[in-house]
Amino acid sequence: MMNFQTRREFLRRTGVSAAMLPFVWNLPSLAGETGSKRKQRLIVVFTPNGTVVDNFWPKTYDENFETTPILKPLEEYRDQMLVLKGVCNKVRGDGDSHMRGMSCVLPGKELFPGNIQGGSDTPAGWASGISIDQEIKNYLQSNPETATRFGSLEFGVCVSDRADPWTRMCYAGPNQPVAPIDDPQQMFNKLYGSMRDRETLQSILDDLTSDLKVVREMVSAEDRQRLEEHTDLVRDMERDLKSAAEQKLAVDPPALEEGVPNDNDHMPEITKMQTELLVSAFANDSARLAHFQFTKSVGNAKMKWLGIEEGHHSLSHDPDLNAESQEKLTKINVWFAEQIHYLLKRLEETPEPGGEGSLLDNTMVVWTNELGKGNSHTLKNIPWVLIGNAPGFRMGRAVRLDDVPHNRLLLSFAHSFGHQIETFGNPSLAADGPLDLQS
Amino acid sequence: MQTLKRKTFWKILQSAIAPIILIGGSVSAPCLLASDDLSTPLPTEDLAQPAVEAANERGKFLYVHQCASCHGTNGEGVADKYDETLYGNRSLDELIKIIHETMPEEDPDSVVDEDARAVAEYLYNAFYTAEARAKNAPPRIELVRLTNSQYANTVTDLFRTFLGHTPIDDSRGLVGRYYKSRSPRDKDKVLTRTDPQVSFQFGEGSPAEGIENEEFAMRWEGSVIAEETGVYEFCVKTENGMRLWINGRDNALIDAYVASGGEVAEHRQTIHLLGGRAYSLDLECFKYKDKTASVELRWTPPGGVEEVIPERNLTPVRARESFVVTTQFPPDDGSFGYERGTSFSKSWDSATTEAAIEVADYVVRDLNRLAGTRSSDENRNEKITKFLNRFVELAFRRPLTPELVQRYITSQIDQSDDIETAVKRTVLLTLKSPRFLYLEIPDEQTDDYDVASRLSYGLWDSMPDETLLKAASQGKLRSREQIRKQAERMIADERAREKMRGFFHFLLPFDEADHLSKDLDTYPGFTDDLIADLKTSLEMFIADVVWSEKSDFRELLLSNEMYFTPRMAQFYEVELDPEGGEYQRIAFEPEQRAGVVTHPFLLAALAYHQSSSPIHRGVFVTRRILSRSLKPPPMAIEFMDGSFDPSLTMREKVTELTKSKTCMTCHSTINPLGFSLEHFDAVGRFRTTDKDRPVDATSDFVDADGTKVHLTGARDVAEYAVEDPLAQEGFVEQLFNHSIKQPVRAYGADSLDQLVTDFQNNQYNIQQLLIEINTLAAAHGVDDVEREKP
């Protein structure tokens, strides 16, 4: 057998046309070809309402930083963690801080004027530019070596049914918000629906064939021919189903718990299901980018399972001096950190199909927020925590930056994927280029 | 007998030494003469060498002597010898090979090579293929599956049983509610009124007194009535925030609640709808600090033009939510001259699978509502099982035997881990079952449920409603009288209107008008908008006649009235009442217009880009109005306008073009009928001159039996047609075909005659005809009905 350095070379030398590509790049023997570039993935996790400053930010900014109460659940991954302080969302213009915090964080660009009135400021519409995750997705999808079935997947947990600047973070372009899917069943159907349908169809074939036989006996000899034709078609379908079933996935779809209501009280179960779906989608290489959105900006989850009856957003407005509220807010953020820990754990446990190591070796999780702090609605010092592995990021430390626009961090994400764009979002906020997080 | 005929035909052809020319033209249809029947093949077989005839003789001789003793004279098989039929779908070459190598069994060497070929060819064409059998067999009621439209209607109506139904009345427009705040709360409501359509430019102002211009909201509610089946594009044009829901409020079709960018935007989304039905519509719109406000609710119906949704398609009545299957099916077989479910192709089978999955997904998603339960209900499983029983019996259009309950429901539940999986399995199995897919499984005994289905598919192209099923369960579909009573009830339903509308779409050249356009230099103003008006005008006229009390067939051909919009009035230079509404019925001088044949939509569809086409019009009148058969053209000629002396009138050109004896076999019929419509130009405008000379629309039409009829124009054609027995019979047969989708002669040799006599005795009442057709077909083979006969 001939050896090819990369898949591209294989394609070039075997003369496979572009039209054939969707079939070829899914061949298992090619997927793990040595010499092909390592897969690289990014997950953006969003949690709302700012953080609890005292219980989040580390005391020191170096390799020896200590995990604070909110970061404690992630202690296990401290060596693969990068905590960034001083990265600020400097996008201004229409809309209140929540709206801009949410809808401008990934596009790094202003909102259009519009008719949605926030708690303050002028009304506004959708973001005026593409978000960084979609930008990177388009870059990967344009190259057959990195293109996947979906490119990116947008997960949500209890996002609410409203479509407005508080519920949308990802934008396929100006005025083109991407809705996260917050129903695990719907996400399952998107990923594995046709496979499950095939299984169900297979399970009814015997009954169908025997009833066709019964009906065949009921009709006249002249009409029997038609029944024969019909029976042949059912046999054809059986054959097709069989050959489709032989195409194997790298990992089986997760078994989702049935009948879990998609509501506030079941956030823990839904989070777990969405996480399993995300990990399996990555393992099956259905996408390289993912968005994971807990509720929405101004999200008011009532975390009764933590003994907290008040809504998250309501608590976030309480003054710093209200110790009870601060404690509850800390608990809420600790719970979010635990969910991220579970995601990291599952990525670490899942081997990289056709490659070496685990999914986590080739994935970076970015945890961010729409605000720095809930009661002040500041867009300064957005809590950015990067965990995992990506080129261009030296992990295992906390770094204090000097009031830099977050557009520069967005640029760093793009460059990490080899997408060497010079600017992103509002150009004046990206003028100094990507942040150097290597040295 | 068959052979003799073919030989005679061959001789005729040989004697006619004429050049083969092709009739075509710049009109959308490539072949002029065959334009309304493109599926008719040219008789190539009959042009073959006489040697083929000889080989066929040889083949038949060999078959009769070597094969028939085991396989039967017509391949039907012989008991105790070889009782399987000699029918199938192997290729001719395969058959030759099999015969050459293996037949006859006792002496395979006796029929080989050319003999094997001759035998194979004979049996292949005589009875082996389904096509051959169809050609040779006497008409019979065939086993057919649901057509595509029957499938879609059945699925929607099946769920109607669970979702409910609100009939639509004659009220039109939408309920509009106006609020003085940006959220439509009852306490802020200032005004409620009926708006004929949604098209408002408020500018910097406000919609009504008592409402400030800085913020306000509006809600429109009601239903949209879809006429055609297909993909509708809805468009809401506004610079403000809006949401649009179609068919239920679960998911907005368009959610542009966030106005963004300050510009007027056109928000578009498509949805597949089933024709002849209404779908709930909710439109919310609000302004908050935007500079200006405006809103337009527009749509593009399938094959139509984008327009503000007209008042006649909006109703303030709120339709119940319905389920519409969106899977695309391959087209039904239309080669009989009407669509029927006779082709069982792989693509059809895949479509039934895809549609079954679509339906199953919907059932699982909406299970609690459909089964009348909720997730916390402790009797949920029982309720769902009950729902499944009802679902399957409705899908099969009859009560279930214990065996069927076991196979389709109990066994699926037993084999599933949870009830949702069981539901999915049952729904898939049911929708893939021949008991659902076949219109009727013709076993020995016709029962009440067969009758119920025949009526509902005959009149509605859909499954029986609850009234019919109840009558069937009570044994009340036994006598002709009971059946007729049901048919009378059923024709008042919207679905009967929709099916009738489909019939006229088939009968008249609506399809030809699909890409209708004219040379805009010659006919400025003949735009897509105008064409859409013309189409609606014709449809409204037909519906008026058919659904009036008299429902008089003759009125369709003789009426001198038609509907005009202001746009049409301007183009055709007709005076309208400025206050008279969008569509106004205008009466013309009787000699100017006579029924559908002179409707400008039809005349324009049957014309060239720049000029009239007496041939297209003549062929249409011959086939569709007078129901005379025309052979496919023995030769084909292209009509090239440029090749004629430009001073010639269209009549002179056509006369010149078709003057040969061969042409005149058919054109002696076609031309006079076409010439009688020469008073109408390519866009159907009445004219008195062509090429500056007076139009000559007089001619002598000679009927097949030699009767000579002098025609002076369109009205004479119409008057001849309404009196003509063949034309009447043709109309009856075509309506039968469209309604029942089986050959009328399969219901008895005198069935057509009987229907025509009834039609005449009932003053040509179309509704009555439809009732009689369906009574006849539904009662066919019912024991008690047979006994009723003297």
# chains A, B, ... in the order shown; residues from 1 in each chain; ligands from 1
call {"tool": "closest_atom_pairs", "arguments": {"of": "chain B", "to": "chain A", "cutoff": "6 Å", "atoms": "only C-alpha atoms", "output": "CSV"}}
result
residue,atom,partner,partner_atom,distance
B:Leu143,CA,A:Asp223,CA,5.9
B:Val258,CA,A:Gly125,CA,5.6
B:Ala259,CA,A:Gly114,CA,4.9
B:Ser260,CA,A:Gly125,CA,4.0
B:Gly261,CA,A:Phe112,CA,4.9
B:Tyr288,CA,A:Asn115,CA,5.2
B:Pro442,CA,A:Val219,CA,5.9
B:Asp443,CA,A:Val219,CA,5.5
call {"tool": "write_last_selection", "arguments": {"atoms": "C-alpha atoms", "output": "PDB file, in the first residue's frame"}}
result
ATOM      1  CA  LEU B 143     -55.739  -2.345  -6.910  1.00  0.00           C
ATOM      2  CA  VAL B 258     -35.928  42.333  17.466  1.00  0.00           C
ATOM      3  CA  ALA B 259     -35.927  45.140  14.925  1.00  0.00           C
ATOM      4  CA  SER B 260     -32.309  45.671  14.123  1.00  0.00           C
ATOM      5  CA  GLY B 261     -30.662  48.192  11.899  1.00  0.00           C
ATOM      6  CA  TYR B 288     -40.637  51.246  20.208  1.00  0.00           C
ATOM      7  CA  PRO B 442     -60.441  -5.752  -2.961  1.00  0.00           C
ATOM      8  CA  ASP B 443     -61.422  -8.959  -1.201  1.00  0.00           C
TER       9      ASP B 443
END
call {"tool": "residues_around", "arguments": {"residues": "A:Gln339", "least_positions_apart": "4", "cutoff": "8 Å", "atoms": "only C-alpha atoms", "output": "NGL selection string"}}
result
:A and (271-272 or 335 or 343)
call {"tool": "select_by_dssp", "arguments": {"residues": "stretch 288-403 of chain A", "states": "helix (DSSP H, G or I)", "output": "short mmCIF file (atom, residue, chain, number, x, y, z; two decimals) with N, CA and C atoms, in the first residue's frame"}}
result
data_model
loop_
_atom_site.label_atom_id
_atom_site.label_comp_id
_atom_site.auth_asym_id
_atom_site.auth_seq_id
_atom_site.Cartn_x
_atom_site.Cartn_y
_atom_site.Cartn_z
N LYS A 304 -32.72 25.30 43.12
CA LYS A 304 -33.32 24.70 44.32
C LYS A 304 -32.52 23.50 44.80
N TRP A 305 -31.85 22.82 43.87
CA TRP A 305 -31.06 21.65 44.26
C TRP A 305 -29.85 22.05 45.11
N LEU A 306 -29.54 23.36 45.16
CA LEU A 306 -28.48 23.84 46.05
C LEU A 306 -29.09 24.48 47.29
N HIS A 312 -31.09 33.55 40.09
CA HIS A 312 -29.69 33.96 39.96
C HIS A 312 -29.56 35.46 39.67
N HIS A 313 -30.33 35.96 38.73
CA HIS A 313 -30.19 37.37 38.38
C HIS A 313 -30.63 38.28 39.53
N SER A 314 -31.73 37.93 40.18
CA SER A 314 -32.19 38.75 41.30
C SER A 314 -31.10 38.85 42.37
N LEU A 315 -30.47 37.71 42.68
CA LEU A 315 -29.40 37.71 43.69
C LEU A 315 -28.23 38.59 43.25
N SER A 316 -27.96 38.59 41.95
CA SER A 316 -26.76 39.29 41.47
C SER A 316 -26.88 40.80 41.61
N ALA A 323 -23.99 39.46 52.76
CA ALA A 323 -23.14 38.26 52.81
C ALA A 323 -23.91 37.02 52.38
N GLU A 324 -25.16 36.98 52.75
CA GLU A 324 -25.96 35.79 52.42
C GLU A 324 -26.08 35.62 50.91
N SER A 325 -26.36 36.76 50.23
CA SER A 325 -26.47 36.71 48.77
C SER A 325 -25.14 36.35 48.13
N GLN A 326 -24.07 36.93 48.66
CA GLN A 326 -22.74 36.63 48.11
C GLN A 326 -22.44 35.14 48.23
N GLU A 327 -22.85 34.58 49.33
CA GLU A 327 -22.60 33.16 49.55
C GLU A 327 -23.40 32.33 48.54
N LYS A 328 -24.64 32.75 48.34
CA LYS A 328 -25.48 32.02 47.38
C LYS A 328 -24.93 32.15 45.96
N LEU A 329 -24.50 33.35 45.63
CA LEU A 329 -23.93 33.57 44.29
C LEU A 329 -22.66 32.73 44.11
N THR A 330 -21.88 32.65 45.18
CA THR A 330 -20.67 31.81 45.10
C THR A 330 -21.06 30.35 44.85
N LYS A 331 -22.06 29.90 45.64
CA LYS A 331 -22.52 28.52 45.46
C LYS A 331 -22.95 28.26 44.01
N ILE A 332 -23.66 29.24 43.45
CA ILE A 332 -24.15 29.10 42.07
C ILE A 332 -22.97 28.96 41.10
N ASN A 333 -21.98 29.82 41.31
CA ASN A 333 -20.82 29.77 40.41
C ASN A 333 -19.98 28.51 40.61
N VAL A 334 -19.95 28.04 41.87
CA VAL A 334 -19.25 26.78 42.12
C VAL A 334 -19.96 25.65 41.36
N TRP A 335 -21.29 25.71 41.37
CA TRP A 335 -22.03 24.68 40.65
C TRP A 335 -21.70 24.71 39.15
N PHE A 336 -21.62 25.93 38.60
CA PHE A 336 -21.23 26.04 37.18
C PHE A 336 -19.84 25.44 36.96
N ALA A 337 -18.91 25.75 37.87
CA ALA A 337 -17.54 25.22 37.74
C ALA A 337 -17.55 23.69 37.78
N GLU A 338 -18.43 23.14 38.62
CA GLU A 338 -18.52 21.67 38.71
C GLU A 338 -19.01 21.07 37.39
N GLN A 339 -19.91 21.78 36.74
CA GLN A 339 -20.41 21.29 35.46
C GLN A 339 -19.30 21.30 34.41
N ILE A 340 -18.46 22.36 34.48
CA ILE A 340 -17.33 22.43 33.55
C ILE A 340 -16.33 21.32 33.87
N HIS A 341 -16.16 21.06 35.16
CA HIS A 341 -15.27 19.97 35.56
C HIS A 341 -15.74 18.64 34.96
N TYR A 342 -17.04 18.43 35.02
CA TYR A 342 -17.58 17.18 34.47
C TYR A 342 -17.32 17.10 32.96
N LEU A 343 -17.47 18.22 32.30
CA LEU A 343 -17.20 18.26 30.86
C LEU A 343 -15.73 17.91 30.58
N LEU A 344 -14.83 18.54 31.35
CA LEU A 344 -13.39 18.29 31.16
C LEU A 344 -13.07 16.82 31.42
N LYS A 345 -13.68 16.31 32.47
CA LYS A 345 -13.46 14.92 32.86
C LYS A 345 -13.85 13.99 31.71
N ARG A 346 -15.02 14.24 31.16
CA ARG A 346 -15.51 13.38 30.08
C ARG A 346 -14.64 13.52 28.83
N LEU A 347 -14.14 14.72 28.59
CA LEU A 347 -13.24 14.90 27.45
C LEU A 347 -11.93 14.15 27.69
N GLU A 348 -11.50 14.15 28.93
CA GLU A 348 -10.24 13.49 29.27
C GLU A 348 -10.38 11.98 29.21
N GLU A 349 -11.56 11.48 29.59
CA GLU A 349 -11.78 10.02 29.59
C GLU A 349 -11.96 9.47 28.18
N LEU A 359 -9.53 13.38 24.03
CA LEU A 359 -10.14 14.54 23.38
C LEU A 359 -9.64 15.83 24.02
N LEU A 360 -9.43 15.80 25.34
CA LEU A 360 -9.03 17.02 26.03
C LEU A 360 -7.65 17.51 25.56
N ASP A 361 -6.81 16.57 25.12
CA ASP A 361 -5.49 16.97 24.62
C ASP A 361 -5.60 17.91 23.42
N ASN A 362 -6.71 17.84 22.74
CA ASN A 362 -6.88 18.64 21.52
C ASN A 362 -8.06 19.62 21.62
#
call {"tool": "residues_around", "arguments": {"residues": "A:Lys85", "least_positions_apart": "2", "cutoff": "7 Å", "atoms": "only C-alpha atoms", "output": "mmCIF file with N, CA and C atoms, in the first residue's frame"}}
result
data_model
loop_
_atom_site.group_PDB
_atom_site.id
_atom_site.type_symbol
_atom_site.label_atom_id
_atom_site.label_comp_id
_atom_site.auth_asym_id
_atom_site.auth_seq_id
_atom_site.Cartn_x
_atom_site.Cartn_y
_atom_site.Cartn_z
ATOM 1 N N VAL A 83 -6.051 31.638 33.742
ATOM 2 C CA VAL A 83 -7.035 32.606 34.228
ATOM 3 C C VAL A 83 -6.579 33.989 33.787
ATOM 4 N N VAL A 87 -9.109 41.600 31.018
ATOM 5 C CA VAL A 87 -9.645 41.569 29.651
ATOM 6 C C VAL A 87 -11.063 42.154 29.707
ATOM 7 N N ASN A 381 -13.021 43.545 33.315
ATOM 8 C CA ASN A 381 -12.608 42.324 34.009
ATOM 9 C C ASN A 381 -13.626 41.193 33.890
ATOM 10 N N PRO A 383 -14.691 37.610 33.642
ATOM 11 C CA PRO A 383 -13.957 36.412 34.075
ATOM 12 C C PRO A 383 -13.714 35.439 32.912
ATOM 13 N N VAL A 399 -2.899 35.199 34.694
ATOM 14 C CA VAL A 399 -2.194 36.314 34.067
ATOM 15 C C VAL A 399 -3.011 37.579 34.273
ATOM 16 N N ARG A 400 -2.320 38.660 34.720
ATOM 17 C CA ARG A 400 -3.015 39.934 34.847
ATOM 18 C C ARG A 400 -2.624 40.814 33.653
ATOM 19 N N LEU A 401 -3.623 41.222 32.892
ATOM 20 C CA LEU A 401 -3.367 42.082 31.741
ATOM 21 C C LEU A 401 -3.856 43.479 32.092
#
call {"tool": "residues_around", "arguments": {"residues": "stretch 295-298 of chain A", "least_positions_apart": "5", "cutoff": "7 Å", "atoms": "only C-alpha atoms", "output": "CSV table (one decimal) with C-alpha atoms, in the first residue's frame"}}
result
chain,number,residue,atom,x,y,z
A,48,PRO,CA,-24.5,34.7,33.3
A,49,ASN,CA,-24.8,37.6,35.7
A,98,HIS,CA,-26.3,42.9,29.7
A,102,MET,CA,-24.0,38.9,25.8
A,156,GLY,CA,-28.1,25.5,25.6
A,157,VAL,CA,-29.4,24.7,29.0
A,158,CYS,CA,-32.8,26.4,29.9
A,159,VAL,CA,-32.2,29.3,27.5
A,166,TRP,CA,-30.0,38.6,25.8
A,167,THR,CA,-30.4,35.0,24.6
A,313,HIS,CA,-30.2,37.4,38.4
A,370,GLU,CA,-21.5,38.7,30.0
call {"tool": "closest_residue", "arguments": {"among": "A:Thr423, A:Ser416, A:Thr378, A:Ser280", "to": "A:Arg100", "atoms": "only C-alpha atoms"}}
result
A:Thr378
call {"tool": "residues_around", "arguments": {"residues": "A:Leu410", "least_positions_apart": "5", "cutoff": "12 Å", "atoms": "only C-alpha atoms", "output": "number ranges by chain"}}
result
A: 44, 87-89, 104-109, 130-136, 366, 384, 404-405, 415-417, 419-426, 429-430, 433-436
call {"tool": "residues_around", "arguments": {"residues": "B:Gln201", "least_positions_apart": "5", "cutoff": "7 Å", "atoms": "only C-alpha atoms", "output": "VMD selection string"}}
result
chain B and resid 293 to 295
call {"tool": "residues_around", "arguments": {"residues": "B:Phe391", "least_positions_apart": "5", "cutoff": "12 Å", "atoms": "only C-alpha atoms", "output": "number ranges by chain"}}
result
B: 154-155, 157-162, 359-360, 363, 367, 370-371, 384-386, 396-400, 405, 408-409, 423, 426-431, 436
